[in-house]
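Here's the structure we're looking at; comments come further down.
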Amino acid sequence: MYNVVVIGAGIVGALTARELSKYNLNILLLDKEMEVSNGTTKANSAIVHAGYDPYVGSNKARLNVEGNRMFGKLCHDLDVPFKKVGSLVVAFSEEEMLKVKELYERGAANGVPDMDIIQKERLKEIEPNISNDAYGALWAKTAGITSPYELCIAACENAACNGAHIKLNTKVLKIDKLDDGFVVKTGKEDYKTQYIVNAAGLFADEINKMLGGEEFNITPRKGEYCLFDRGQGDLAKHILFQTPTKMGKGILVTPTVHGNLIMGPSSENIDDKYDLSTTDEGLAKVLAQGSRTINKFSRRDIITSFTGLRASVEGGDFIINSPTYGAVNAAGIDSPGLTAAPAIAKELVSMLNQMGLKLEEKDFNPKRHKPKSFRDMTDEEKAEAIEKNPLYGRIICRCETVSEGEIVDAIKGPAGARTVDGVKRRVRAGMGRCQGGFCMPRVVEILSRELNIPYMDVVKDNKDGYIFTGRLKDNLSKGGEADDK
Amino acid sequence: METKKLICINCPLGCSLEVSINKESGEYNVTGNTCKRGESYAIGELTNPTRIVTTSLFVQNGKQKMVSAKTSTEIPKNLIMPSMIYLANIKVNAPIKTGDVLVENILGTGANIVATRTVDKR
Amino acid sequence: MINKDLCIIGGGPAGLAAAIKAREEGIEDILIIERDTCLGGILNQCIHNGFGLHVFKEQLTGPEYAERFIDKVKELNIEYMCDTMVLEVSQEKYATCVNTKDGLVQIKAKAIVLTMGCRERTRGALNIPGFRPAGVFSAGTAQRFVNMEGYKVGREVVILGSGDIGLIMARRLTLEGASVKMVLEIMPYSGGLKRNIVQCLDDFDIPLYLNHTVVKIHGKDRVTGVTIAKVDENRKPIKDTEEFVSCDTLLLSVGLIPENELSKNAGIEIDSVTGGPIVNECYETSIEGIFACGNVVHVHDLVDFVTGESYIAGKGAAKYIKGELKSGSDADTINVKAKNGVRYTVPQSIRISNVEDTVNLFLRVDNIYKDTCLVVKDGENIIYKAKKKVLAPGEMESIKINRKVLEKVKGSKLVVELLKE
């Protein structure tokens, strides 16, 4: 019997579970994927927005600005990278400068601090590689960049350390309403709970329906991104936006916290909530529009491209409401969802409290410490780390200098990795130049050993993403034919 | 005169060969080869094509999981897949030294399966 | 801090040959550092034959070839550390490495030979659109899984790239019961050896489609198929020719890249065409006393040439340690440039005073050429000329030039190029 079941271990669900774990409550965080953070949270721009973009008076405006204020401390406590690099909305014409002014005024109304409108000269000073066609910009100093999946993983780890339960590979199929709560049916186990938080991302409309709430539809909005090699992040000093259009903030160019450069997203409404494919057209669009802002990049430095799906709803604002007594929705969390997430979490908990959830403070440890990456250690620290744990002396991922010790640590622990990509997202093994060509066999071996599962059963990202089709010769040794042609 | 064009596979030179068969005398004439092996290869391709087969076999009690192996000499092409199926069913034990005969006279071809690496006992 | 005369980074065929030669030239204190659990490098997973025809006059498999050198290293009592990764090489010839037993080890060497080999080009670098399912492998990684770990990577396979690794894997997977549906090659010619087209594709009726590429990968969790298309003269896909091919595995054999992160971080000058260090006649890099040989300098087709090159580097390193290498004054150095059809040459410079009898110039052309002349020119003067029936990018050529000929060179530059006869 749980006090609260949180459905969806993306950034909103993870931070909500963490927020709840500050109190004497039995909390269960569920996700249908094999890893936390496997939905929208793992594929987005990673931007902490300043808050001038959402319409005045909207949920988005309020929660964006509040979330932005909370972000620094949150990342500090959870030991997750966050850089307040500031953002520039760049105008390329007098007309666009009017739009910039509009954003400035909107930002002021939303309570966004530290903003300036700057002209071409100053713009060139602070952003040397900006295109020569730039007229001026809105400079918002409170915007920043972070690592969303690292933050989500860290929040889950911290929530678990503070007593929350996490169950993965668990899809919610049906929710029965009782007098004193709900039964959440998953096909594996049934969970009885007093309260429910719907943070199910792209599928929040389905969970809402199960709860009998007023229906809304989530339309997946596809965004394609291009990722440039480490070192290319120096091309941009700030997050660089273009003036927004109907479909969103447009294509941005930004450094990442790891030193790469990202360009994107494209923006296209689609039907399929599982369509994470990249397209030639989408990528071409990203590069063409990105080059309006900065044209000093080279296509040869592109190391990969990826797609993220945002959950958009009609009306364009977050849906933060109660579908039925005892449950809360956080739906349609597209941009500025990441930024707003800490504030959304607080608001959801407050809503539950208003519905009778007792919030008794307990001994809560807000801090989660990530051990220093081997690659960032000094020689002395490296020697010490290996002395303490010899597995730190075996380098598995040569491109990103990731040791076996770190990979093992990433697998163990409350919200540990279960898949090859889960390891990749936690310690970067496989994210470098060779994209796992050298380290994948070793990572599979370590996962197999640490999770105590057969080598062959290790998967790439989710349970249907099998890597191997069998042990060598198993079809030949049945005395039969080779695989059917 | 029937002529066939082939690429010799004996060495990385990959000489382009032409084999002509004199229908009456049954004689073969090979041109384009740089060495004698090319000549015998060309004739062989027309009469009884053979290949060296290389593969990897599971090892019991070895420091490595698998041992690489090869046929000691060429075997008829049509016995390649049957050999692979045969080899899927045999067990090989460590220690193994390069050159050890793992299977004698596989499928009556006269070729042995020999180890091409050393695998120490675990 | 450990002091060594010679430190060799990588225990594959290049490192092994360099070590053996250096010992034969009198260097005692040698250390080979290898990241895998045993010596041999990539040859350990190259279980097919075709190695050693030049060096041993025999057809050996990869492991057999490697073992000849490993045995010699052991016989000569040359020290080596396995399961050890070099993190950094410095200009001053320090090497920093780690392993589980010794922790962090710093080595100060009188000379270093870089033999780190190469890595495979990736899907990310190609930017193939589509989903990112499981079942997309670079051919070498698939080779490791099959030949060393003992697991099947797929049932129905499409291979992109007709380089040797792709061709070899086409055969290997077929022999282990998979169905290899086709090999696609974006260029109008194959990148692999002709013999491999015969014994890996023709033998198994696996079609090779030149001027084709993969334009999309399908499958959300695991590959379900690929969309292939013909390409035009500019290698751009022709939309009307798109065709869906169902498969559960895509193997990428789309190029090898010399692995020079350590070299770059040491400040060694890299040739932008080869991707490897610029080297002189002794395979010494732009940093005195640091040598490089094998795939880390330029990608080879035959390991026999790697061995030859590595003997030169090993000997060069030995001479350097003994103080016998003449660092050329400008007048003594000849730069070698590639032009007109020749993509690159290695070495890129020659100091005549360090040449004993001959210099081997290795080169690759940038396209298929029929009935041309390969020439080496000193200004307008042709000092070497060879008629070539066929030249292909996938087959490295070598030119032997006599020291006596080099001594007569008037300018400070030699140009290697193709002439139409």
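Quick note on naming: the chains in the structure tokens go A, B, ... in the order shown, residues restart at 1 in each chain, and ligands are numbered from 1 in order of appearance.
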Original post:
Which residues in chain B does DSSP call strand (DSSP E or B)? List them as number ranges by chain.
Top reply: B: 2-7, 16-21, 28-31, 50-51, 54-60, 62, 66-71, 75-76, 92-93, 96, 101-103, 113-115, 119, 121
Selected residues written out with C-alpha atoms, as a compact mmCIF listing (two decimals), in the first residue's frame:
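Listing of result-v7.txt after writing:
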# COMPACT_ATOMS: atom_id res chain seq x y z
CA GLU B 2 35.19 -22.08 -74.35
CA THR B 3 36.81 -19.39 -72.25
CA LYS B 4 36.07 -18.36 -68.71
CA LYS B 5 37.32 -15.32 -66.83
CA LEU B 6 38.31 -15.65 -63.20
CA ILE B 7 40.09 -13.78 -60.47
CA SER B 16 42.77 -11.77 -63.74
CA LEU B 17 42.87 -15.19 -65.37
CA GLU B 18 41.45 -16.53 -68.58
CA VAL B 19 40.93 -20.25 -68.91
CA SER B 20 40.11 -21.77 -72.24
CA ILE B 21 39.01 -25.34 -72.67
CA TYR B 28 43.03 -26.35 -70.50
CA ASN B 29 44.98 -23.24 -71.30
CA VAL B 30 45.45 -20.61 -68.62
CA THR B 31 46.67 -17.06 -69.23
CA THR B 50 37.97 -25.98 -53.44
CA ARG B 51 38.50 -23.56 -50.61
CA THR B 54 38.56 -20.65 -41.47
CA THR B 55 36.33 -20.51 -38.45
CA SER B 56 36.13 -20.14 -34.69
CA LEU B 57 35.23 -22.93 -32.24
CA PHE B 58 34.15 -22.91 -28.61
CA VAL B 59 36.74 -24.11 -26.11
CA GLN B 60 36.07 -25.79 -22.79
CA GLY B 62 40.31 -22.31 -21.81
CA MET B 66 37.09 -19.52 -28.56
CA VAL B 67 39.88 -20.91 -30.68
CA SER B 68 40.34 -19.93 -34.29
CA ALA B 69 40.88 -22.83 -36.68
CA LYS B 70 41.27 -23.68 -40.35
CA THR B 71 41.22 -26.61 -42.73
CA ILE B 75 38.19 -28.77 -49.33
CA PRO B 76 35.48 -29.04 -51.99
CA VAL B 92 37.31 -28.76 -28.08
CA ASN B 93 39.29 -28.68 -24.84
CA ILE B 96 45.47 -26.05 -27.40
CA VAL B 101 44.67 -31.23 -35.01
CA LEU B 102 41.19 -30.68 -33.64
CA VAL B 103 39.38 -32.88 -36.15
CA ILE B 113 40.84 -28.95 -38.78
CA VAL B 114 43.86 -27.37 -37.12
CA ALA B 115 43.99 -24.73 -34.43
CA VAL B 119 44.65 -21.32 -25.87
CA LYS B 121 44.06 -23.89 -19.78
Subject >> At most 8 Å to chain C: residues in chain A, only C-alpha atoms, as an MDAnalysis selection string >> reply: chainID A and resid 274:280 300 302:305 379 382:383 386:387 390:395 401 434:435 437:438 440:441 456 459:462 464:473 475:476 481:485
For the residues selected in the previous step, produce a file with C-alpha atoms as a CSV table (one decimal), in the first residue's frame.
chain,number,residue,atom,x,y,z
A,274,TYR,CA,7.2,6.1,-31.0
A,275,ASP,CA,8.6,7.7,-34.1
A,276,LEU,CA,12.1,8.7,-33.1
A,277,SER,CA,13.5,8.5,-36.5
A,278,THR,CA,15.7,11.3,-37.9
A,279,THR,CA,15.2,12.4,-41.5
A,280,ASP,CA,17.3,13.9,-44.2
A,300,ARG,CA,32.6,17.0,-40.7
A,302,ILE,CA,28.9,16.2,-36.7
A,303,ILE,CA,29.2,13.0,-34.7
A,304,THR,CA,25.6,12.1,-34.6
A,305,SER,CA,22.0,13.3,-34.8
A,379,ASP,CA,47.1,11.9,-11.8
A,382,LYS,CA,43.6,8.6,-10.5
A,383,ALA,CA,46.2,6.7,-8.5
A,386,ILE,CA,42.7,2.7,-8.4
A,387,GLU,CA,44.2,2.0,-5.0
A,390,PRO,CA,41.3,-1.6,-8.8
A,391,LEU,CA,38.5,-1.6,-11.3
A,392,TYR,CA,39.2,2.1,-11.8
A,393,GLY,CA,42.4,1.0,-13.4
A,394,ARG,CA,40.8,-0.8,-16.4
A,395,ILE,CA,39.8,1.7,-19.1
A,401,THR,CA,38.4,7.5,-20.8
A,434,CYS,CA,34.1,5.5,-32.0
A,435,GLN,CA,30.5,5.5,-30.8
A,437,GLY,CA,32.8,0.3,-31.5
A,438,PHE,CA,35.5,-0.6,-29.1
A,440,MET,CA,30.4,-2.2,-26.5
A,441,PRO,CA,31.5,-5.8,-26.1
A,456,MET,CA,23.0,-12.7,-24.7
A,459,VAL,CA,19.9,-5.2,-24.6
A,460,LYS,CA,20.7,-1.8,-26.1
A,461,ASP,CA,18.0,0.4,-24.8
A,462,ASN,CA,14.7,-1.4,-24.1
A,464,ASP,CA,12.9,-5.4,-27.5
A,465,GLY,CA,16.3,-3.9,-28.5
A,466,TYR,CA,18.1,-7.2,-28.5
A,467,ILE,CA,21.7,-7.1,-29.6
A,468,PHE,CA,22.4,-10.8,-30.2
A,469,THR,CA,20.2,-13.4,-32.0
A,470,GLY,CA,21.7,-16.3,-30.2
A,471,ARG,CA,24.8,-18.1,-29.2
A,472,LEU,CA,27.1,-18.8,-32.2
A,473,LYS,CA,26.3,-22.1,-33.9
A,475,ASN,CA,21.1,-23.2,-35.1
A,476,LEU,CA,23.8,-25.2,-36.8
A,481,GLU,CA,20.1,-26.4,-41.6
A,482,ALA,CA,21.6,-22.9,-41.5
A,483,ASP,CA,19.0,-20.2,-40.9
A,484,ASP,CA,16.4,-20.1,-43.6
A,485,LYS,CA,17.4,-17.8,-46.4
Subject >> Residues of range 196-334 of chain C in helix (DSSP H, G or I), written as JSON, numbers by chain >> reply: {"C": [196, 197, 198, 199, 200, 201, 202, 203, 204, 239, 240, 241, 261, 262, 263, 264, 265, 294, 295, 296, 303, 304, 305, 306, 307, 308, 309, 310, 311, 312, 313, 314, 315, 316, 317, 318, 319, 320, 321, 330, 331, 332]}
Once you have the residues from the selection above, write them out as a tab-separated table (two decimals), in the first residue's frame, restricted to N, CA and C atoms.
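Written out: result.tsv:
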chain	number	residue	atom	x	y	z
C	196	ASN	N	38.79	-11.10	-52.31
C	196	ASN	CA	37.72	-11.17	-51.33
C	196	ASN	C	36.34	-11.07	-51.97
C	197	ILE	N	36.24	-10.34	-53.08
C	197	ILE	CA	34.95	-10.32	-53.79
C	197	ILE	C	34.60	-11.74	-54.21
C	198	VAL	N	35.61	-12.47	-54.72
C	198	VAL	CA	35.37	-13.84	-55.18
C	198	VAL	C	35.03	-14.76	-54.03
C	199	GLN	N	35.93	-14.82	-53.03
C	199	GLN	CA	35.77	-15.86	-52.01
C	199	GLN	C	34.78	-15.49	-50.91
C	200	CYS	N	34.35	-14.24	-50.86
C	200	CYS	CA	33.39	-13.86	-49.83
C	200	CYS	C	32.01	-13.58	-50.39
C	201	LEU	N	31.93	-13.06	-51.61
C	201	LEU	CA	30.62	-12.73	-52.17
C	201	LEU	C	30.21	-13.72	-53.27
C	202	ASP	N	31.03	-13.83	-54.33
C	202	ASP	CA	30.68	-14.72	-55.44
C	202	ASP	C	30.44	-16.13	-54.97
C	203	ASP	N	31.31	-16.61	-54.10
C	203	ASP	CA	31.18	-17.99	-53.60
C	203	ASP	C	29.82	-18.25	-52.97
C	204	PHE	N	29.21	-17.23	-52.42
C	204	PHE	CA	27.96	-17.42	-51.69
C	204	PHE	C	26.79	-16.72	-52.38
C	239	LYS	N	16.41	9.88	-55.57
C	239	LYS	CA	15.17	9.57	-54.85
C	239	LYS	C	14.34	8.47	-55.53
C	240	ASP	N	14.24	8.51	-56.84
C	240	ASP	CA	13.39	7.55	-57.55
C	240	ASP	C	13.87	6.11	-57.44
C	241	THR	N	15.11	5.93	-57.03
C	241	THR	CA	15.63	4.57	-56.99
C	241	THR	C	15.51	3.94	-55.61
C	261	GLU	N	44.40	10.23	-31.12
C	261	GLU	CA	44.13	11.15	-30.01
C	261	GLU	C	45.39	11.39	-29.18
C	262	LEU	N	46.12	10.31	-28.87
C	262	LEU	CA	47.35	10.45	-28.09
C	262	LEU	C	48.36	11.30	-28.84
C	263	SER	N	48.47	11.07	-30.13
C	263	SER	CA	49.44	11.82	-30.94
C	263	SER	C	49.09	13.30	-30.95
C	264	LYS	N	47.79	13.59	-31.16
C	264	LYS	CA	47.38	15.01	-31.22
C	264	LYS	C	47.64	15.69	-29.89
C	265	ASN	N	47.31	15.00	-28.80
C	265	ASN	CA	47.51	15.62	-27.49
C	265	ASN	C	48.97	15.82	-27.16
C	294	GLY	N	52.51	1.53	-38.79
C	294	GLY	CA	51.31	0.70	-38.87
C	294	GLY	C	50.09	1.55	-39.19
C	295	ASN	N	48.92	1.03	-38.86
C	295	ASN	CA	47.67	1.70	-39.21
C	295	ASN	C	47.50	3.07	-38.58
C	296	VAL	N	48.27	3.36	-37.55
C	296	VAL	CA	48.14	4.67	-36.90
C	296	VAL	C	48.70	5.77	-37.82
C	303	VAL	N	49.01	-6.76	-43.79
C	303	VAL	CA	49.79	-6.65	-42.57
C	303	VAL	C	51.29	-6.81	-42.87
C	304	ASP	N	51.60	-7.48	-43.99
C	304	ASP	CA	53.01	-7.64	-44.36
C	304	ASP	C	53.70	-6.29	-44.50
C	305	PHE	N	52.99	-5.32	-45.08
C	305	PHE	CA	53.58	-3.98	-45.22
C	305	PHE	C	53.71	-3.29	-43.87
C	306	VAL	N	52.76	-3.56	-42.99
C	306	VAL	CA	52.84	-3.01	-41.63
C	306	VAL	C	54.13	-3.49	-40.97
C	307	THR	N	54.40	-4.78	-41.13
C	307	THR	CA	55.60	-5.35	-40.53
C	307	THR	C	56.85	-4.68	-41.09
C	308	GLY	N	56.90	-4.54	-42.42
C	308	GLY	CA	58.07	-3.91	-43.05
C	308	GLY	C	58.29	-2.51	-42.53
C	309	GLU	N	57.20	-1.75	-42.48
C	309	GLU	CA	57.25	-0.38	-42.01
C	309	GLU	C	57.70	-0.32	-40.55
C	310	SER	N	57.21	-1.26	-39.76
C	310	SER	CA	57.51	-1.25	-38.33
C	310	SER	C	58.95	-1.64	-38.05
C	311	TYR	N	59.51	-2.49	-38.89
C	311	TYR	CA	60.95	-2.80	-38.75
C	311	TYR	C	61.76	-1.52	-38.93
C	312	ILE	N	61.35	-0.72	-39.92
C	312	ILE	CA	62.07	0.53	-40.17
C	312	ILE	C	61.95	1.47	-38.97
C	313	ALA	N	60.73	1.56	-38.43
C	313	ALA	CA	60.51	2.43	-37.28
C	313	ALA	C	61.30	1.93	-36.07
C	314	GLY	N	61.28	0.62	-35.87
C	314	GLY	CA	62.02	0.04	-34.75
C	314	GLY	C	63.49	0.31	-34.86
C	315	LYS	N	64.00	0.16	-36.08
C	315	LYS	CA	65.43	0.40	-36.31
C	315	LYS	C	65.72	1.88	-36.11
C	316	GLY	N	64.82	2.72	-36.61
C	316	GLY	CA	65.00	4.17	-36.45
C	316	GLY	C	65.04	4.55	-34.99
C	317	ALA	N	64.11	3.98	-34.21
C	317	ALA	CA	64.08	4.29	-32.78
C	317	ALA	C	65.36	3.83	-32.11
C	318	ALA	N	65.84	2.66	-32.51
C	318	ALA	CA	67.09	2.15	-31.93
C	318	ALA	C	68.25	3.09	-32.23
C	319	LYS	N	68.32	3.49	-33.49
C	319	LYS	CA	69.41	4.40	-33.89
C	319	LYS	C	69.32	5.71	-33.12
C	320	TYR	N	68.08	6.18	-32.95
C	320	TYR	CA	67.89	7.44	-32.23
C	320	TYR	C	68.42	7.33	-30.81
C	321	ILE	N	68.07	6.20	-30.18
C	321	ILE	CA	68.52	5.99	-28.79
C	321	ILE	C	70.04	5.94	-28.73
C	330	ASP	N	68.29	21.40	-43.38
C	330	ASP	CA	67.29	21.55	-44.45
C	330	ASP	C	67.79	21.03	-45.79
C	331	ALA	N	69.08	21.20	-46.01
C	331	ALA	CA	69.63	20.81	-47.31
C	331	ALA	C	69.53	19.31	-47.52
C	332	ASP	N	69.47	18.57	-46.41
C	332	ASP	CA	69.51	17.11	-46.50
C	332	ASP	C	68.12	16.50	-46.65
Original post:
Near range 274-276 of chain C, within 12 Å and counting only C-alpha atoms, which residues show up once chain neighbours fewer than 5 positions away are dropped, as number ranges by chain?
Top reply: C: 114-119, 256-264, 268-269, 283-286, 291-300, 338, 343-348, 362-364
Residues as selected, N, CA and C atoms, written as a CSV table (one decimal), in the first residue's frame, can you do that?
chain,number,residue,atom,x,y,z
C,114,LEU,N,54.7,4.9,-31.6
C,114,LEU,CA,53.2,4.9,-31.5
C,114,LEU,C,52.7,3.8,-32.5
C,115,THR,N,51.9,2.8,-31.9
C,115,THR,CA,51.4,1.8,-32.8
C,115,THR,C,50.0,1.5,-32.3
C,116,MET,N,49.1,2.5,-32.3
C,116,MET,CA,47.8,2.4,-31.7
C,116,MET,C,46.7,1.9,-32.7
C,117,GLY,N,47.2,1.8,-34.0
C,117,GLY,CA,46.2,1.2,-34.9
C,117,GLY,C,45.1,2.2,-35.3
C,118,CYS,N,43.9,1.7,-35.6
C,118,CYS,CA,42.9,2.6,-36.1
C,118,CYS,C,41.5,2.2,-35.6
C,119,ARG,N,40.5,3.0,-35.8
C,119,ARG,CA,39.2,2.7,-35.4
C,119,ARG,C,38.3,2.7,-36.6
C,256,LEU,N,38.2,3.2,-42.2
C,256,LEU,CA,39.0,3.1,-41.0
C,256,LEU,C,39.7,4.4,-40.8
C,257,ILE,N,39.9,4.8,-39.5
C,257,ILE,CA,40.5,6.1,-39.2
C,257,ILE,C,41.6,5.9,-38.2
C,258,PRO,N,42.8,6.3,-38.6
C,258,PRO,CA,43.9,6.1,-37.7
C,258,PRO,C,43.6,6.8,-36.3
C,259,GLU,N,43.9,6.1,-35.3
C,259,GLU,CA,43.6,6.5,-33.9
C,259,GLU,C,44.6,7.4,-33.3
C,260,ASN,N,44.5,8.7,-33.5
C,260,ASN,CA,45.6,9.6,-33.1
C,260,ASN,C,45.3,10.6,-32.0
C,261,GLU,N,44.4,10.2,-31.1
C,261,GLU,CA,44.1,11.1,-30.0
C,261,GLU,C,45.4,11.4,-29.2
C,262,LEU,N,46.1,10.3,-28.9
C,262,LEU,CA,47.4,10.5,-28.1
C,262,LEU,C,48.4,11.3,-28.8
C,263,SER,N,48.5,11.1,-30.1
C,263,SER,CA,49.4,11.8,-30.9
C,263,SER,C,49.1,13.3,-30.9
C,264,LYS,N,47.8,13.6,-31.2
C,264,LYS,CA,47.4,15.0,-31.2
C,264,LYS,C,47.6,15.7,-29.9
C,268,ILE,N,51.9,16.3,-31.8
C,268,ILE,CA,52.5,15.7,-33.0
C,268,ILE,C,51.7,16.2,-34.2
C,269,GLU,N,52.4,16.6,-35.3
C,269,GLU,CA,51.8,17.1,-36.5
C,269,GLU,C,51.1,16.0,-37.3
C,283,TYR,N,60.3,6.8,-40.1
C,283,TYR,CA,59.0,6.8,-39.4
C,283,TYR,C,59.0,7.6,-38.1
C,284,GLU,N,59.8,8.6,-38.1
C,284,GLU,CA,59.9,9.5,-36.9
C,284,GLU,C,58.9,10.6,-37.2
C,285,THR,N,58.1,11.0,-36.1
C,285,THR,CA,57.1,12.0,-36.2
C,285,THR,C,57.7,13.4,-36.1
C,286,SER,N,56.9,14.4,-36.0
C,286,SER,CA,57.4,15.8,-35.9
C,286,SER,C,58.1,16.0,-34.6
C,291,PHE,N,58.3,7.9,-32.7
C,291,PHE,CA,58.1,7.3,-34.0
C,291,PHE,C,56.7,6.8,-34.1
C,292,ALA,N,56.2,6.4,-35.3
C,292,ALA,CA,54.9,5.9,-35.4
C,292,ALA,C,54.9,4.9,-36.6
C,293,CYS,N,54.2,3.8,-36.6
C,293,CYS,CA,54.1,2.9,-37.7
C,293,CYS,C,52.9,2.1,-37.7
C,294,GLY,N,52.5,1.5,-38.8
C,294,GLY,CA,51.3,0.7,-38.9
C,294,GLY,C,50.1,1.6,-39.2
C,295,ASN,N,48.9,1.0,-38.9
C,295,ASN,CA,47.7,1.7,-39.2
C,295,ASN,C,47.5,3.1,-38.6
C,296,VAL,N,48.3,3.4,-37.5
C,296,VAL,CA,48.1,4.7,-36.9
C,296,VAL,C,48.7,5.8,-37.8
C,297,VAL,N,49.6,5.4,-38.7
C,297,VAL,CA,50.2,6.3,-39.7
C,297,VAL,C,49.3,6.5,-40.9
C,298,HIS,N,49.0,5.3,-41.5
C,298,HIS,CA,48.0,5.3,-42.6
C,298,HIS,C,47.5,3.9,-42.7
C,299,VAL,N,46.2,3.8,-43.1
C,299,VAL,CA,45.5,2.5,-43.1
C,299,VAL,C,46.1,1.6,-44.1
C,300,HIS,N,46.5,0.4,-43.7
C,300,HIS,CA,47.1,-0.6,-44.7
C,300,HIS,C,46.1,-1.6,-45.1
C,338,ALA,N,52.2,14.5,-52.9
C,338,ALA,CA,51.4,13.7,-53.8
C,338,ALA,C,50.5,14.7,-54.6
C,343,ARG,N,46.7,10.2,-53.9
C,343,ARG,CA,46.1,10.9,-52.7
C,343,ARG,C,47.1,11.2,-51.6
C,344,TYR,N,48.0,10.3,-51.4
C,344,TYR,CA,49.0,10.6,-50.3
C,344,TYR,C,50.2,9.7,-50.5
C,345,THR,N,51.3,10.1,-49.9
C,345,THR,CA,52.5,9.2,-49.9
C,345,THR,C,53.0,9.2,-48.4
C,346,VAL,N,53.6,8.1,-48.0
C,346,VAL,CA,54.2,8.0,-46.7
C,346,VAL,C,55.5,7.3,-47.0
C,347,PRO,N,56.6,7.7,-46.5
C,347,PRO,CA,56.8,8.9,-45.6
C,347,PRO,C,56.6,10.2,-46.4
C,348,GLN,N,56.4,11.3,-45.6
C,348,GLN,CA,56.2,12.6,-46.2
C,348,GLN,C,57.5,13.3,-46.4
C,362,PHE,N,55.2,4.5,-49.8
C,362,PHE,CA,53.9,3.9,-49.9
C,362,PHE,C,52.9,5.0,-50.4
C,363,LEU,N,52.0,4.6,-51.2
C,363,LEU,CA,51.0,5.6,-51.7
C,363,LEU,C,49.7,4.9,-52.0
C,364,ARG,N,48.6,5.8,-52.1
C,364,ARG,CA,47.3,5.4,-52.6
C,364,ARG,C,46.9,6.4,-53.6
**OP:** Can you check which residues of chain B have any atom within 12 Å of chain A? Use only C-alpha atoms and format it as number ranges by chain.
**Re:** B: 55-58, 65-66, 81-91
Would you output that residue set with N, CA and C atoms, as a compact mmCIF listing (two decimals), in the first residue's frame?
# COMPACT_ATOMS: atom_id res chain seq x y z
N THR B 55 37.45 -20.72 -39.34
CA THR B 55 36.33 -20.51 -38.45
C THR B 55 36.80 -20.37 -37.01
N SER B 56 35.85 -20.31 -36.11
CA SER B 56 36.13 -20.14 -34.69
C SER B 56 35.30 -21.17 -33.94
N LEU B 57 35.93 -21.88 -32.98
CA LEU B 57 35.23 -22.93 -32.24
C LEU B 57 35.24 -22.65 -30.74
N PHE B 58 34.19 -23.09 -30.06
CA PHE B 58 34.15 -22.91 -28.61
C PHE B 58 35.15 -23.84 -27.93
N LYS B 65 37.53 -17.84 -24.73
CA LYS B 65 36.28 -18.58 -24.98
C LYS B 65 36.34 -19.39 -26.27
N MET B 66 37.13 -18.88 -27.25
CA MET B 66 37.09 -19.52 -28.56
C MET B 66 38.50 -19.72 -29.11
N MET B 81 29.58 -25.85 -46.13
CA MET B 81 28.50 -25.73 -45.14
C MET B 81 28.32 -27.00 -44.33
N PRO B 82 28.36 -28.19 -44.95
CA PRO B 82 28.30 -29.40 -44.13
C PRO B 82 29.42 -29.45 -43.09
N SER B 83 30.61 -28.97 -43.42
CA SER B 83 31.69 -28.95 -42.45
C SER B 83 31.36 -28.02 -41.29
N MET B 84 30.78 -26.87 -41.62
CA MET B 84 30.42 -25.92 -40.55
C MET B 84 29.40 -26.54 -39.62
N ILE B 85 28.45 -27.27 -40.19
CA ILE B 85 27.44 -27.91 -39.36
C ILE B 85 28.07 -28.99 -38.50
N TYR B 86 28.99 -29.76 -39.11
CA TYR B 86 29.70 -30.78 -38.34
C TYR B 86 30.44 -30.15 -37.17
N LEU B 87 31.16 -29.07 -37.45
CA LEU B 87 31.99 -28.43 -36.43
C LEU B 87 31.16 -27.81 -35.31
N ALA B 88 29.89 -27.50 -35.60
CA ALA B 88 29.04 -26.90 -34.57
C ALA B 88 28.77 -27.90 -33.46
N ASN B 89 28.98 -29.17 -33.75
CA ASN B 89 28.64 -30.19 -32.76
C ASN B 89 29.83 -30.77 -32.02
N ILE B 90 31.04 -30.35 -32.36
CA ILE B 90 32.18 -30.96 -31.66
C ILE B 90 32.60 -30.12 -30.47
N LYS B 91 33.27 -30.78 -29.53
CA LYS B 91 33.77 -30.08 -28.35
C LYS B 91 35.30 -30.06 -28.41
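Across the structure, CA of Ser162 in chain C and CA of Leu13 in chain B are spaced 17.5 Å apart.
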Original post:
Leaving out Gly163 in chain A and any residue of its chain fewer than 5 positions from it, which residues lie within 10 Å of it when counting only C-alpha atoms, given as a VMD selection string?
Top reply: chain A and resid 17 to 18 20 to 28 157 to 158 364
**OP:** Using only C-alpha atoms, determine which residues of chain C fall within 6 Å of chain B; present them as a PyMOL selection string.
**Re:** chain C and resi 47-48+63-64+147-148+194-195
Original post:
Near Ser327 in chain C, counting only C-alpha atoms, which residues have an atom at most 10 Å away, once you skip same-chain residues fewer than 5 positions from it, shown as number ranges by chain?
Top reply: C: 288, 320, 332-333, 351, 353-354
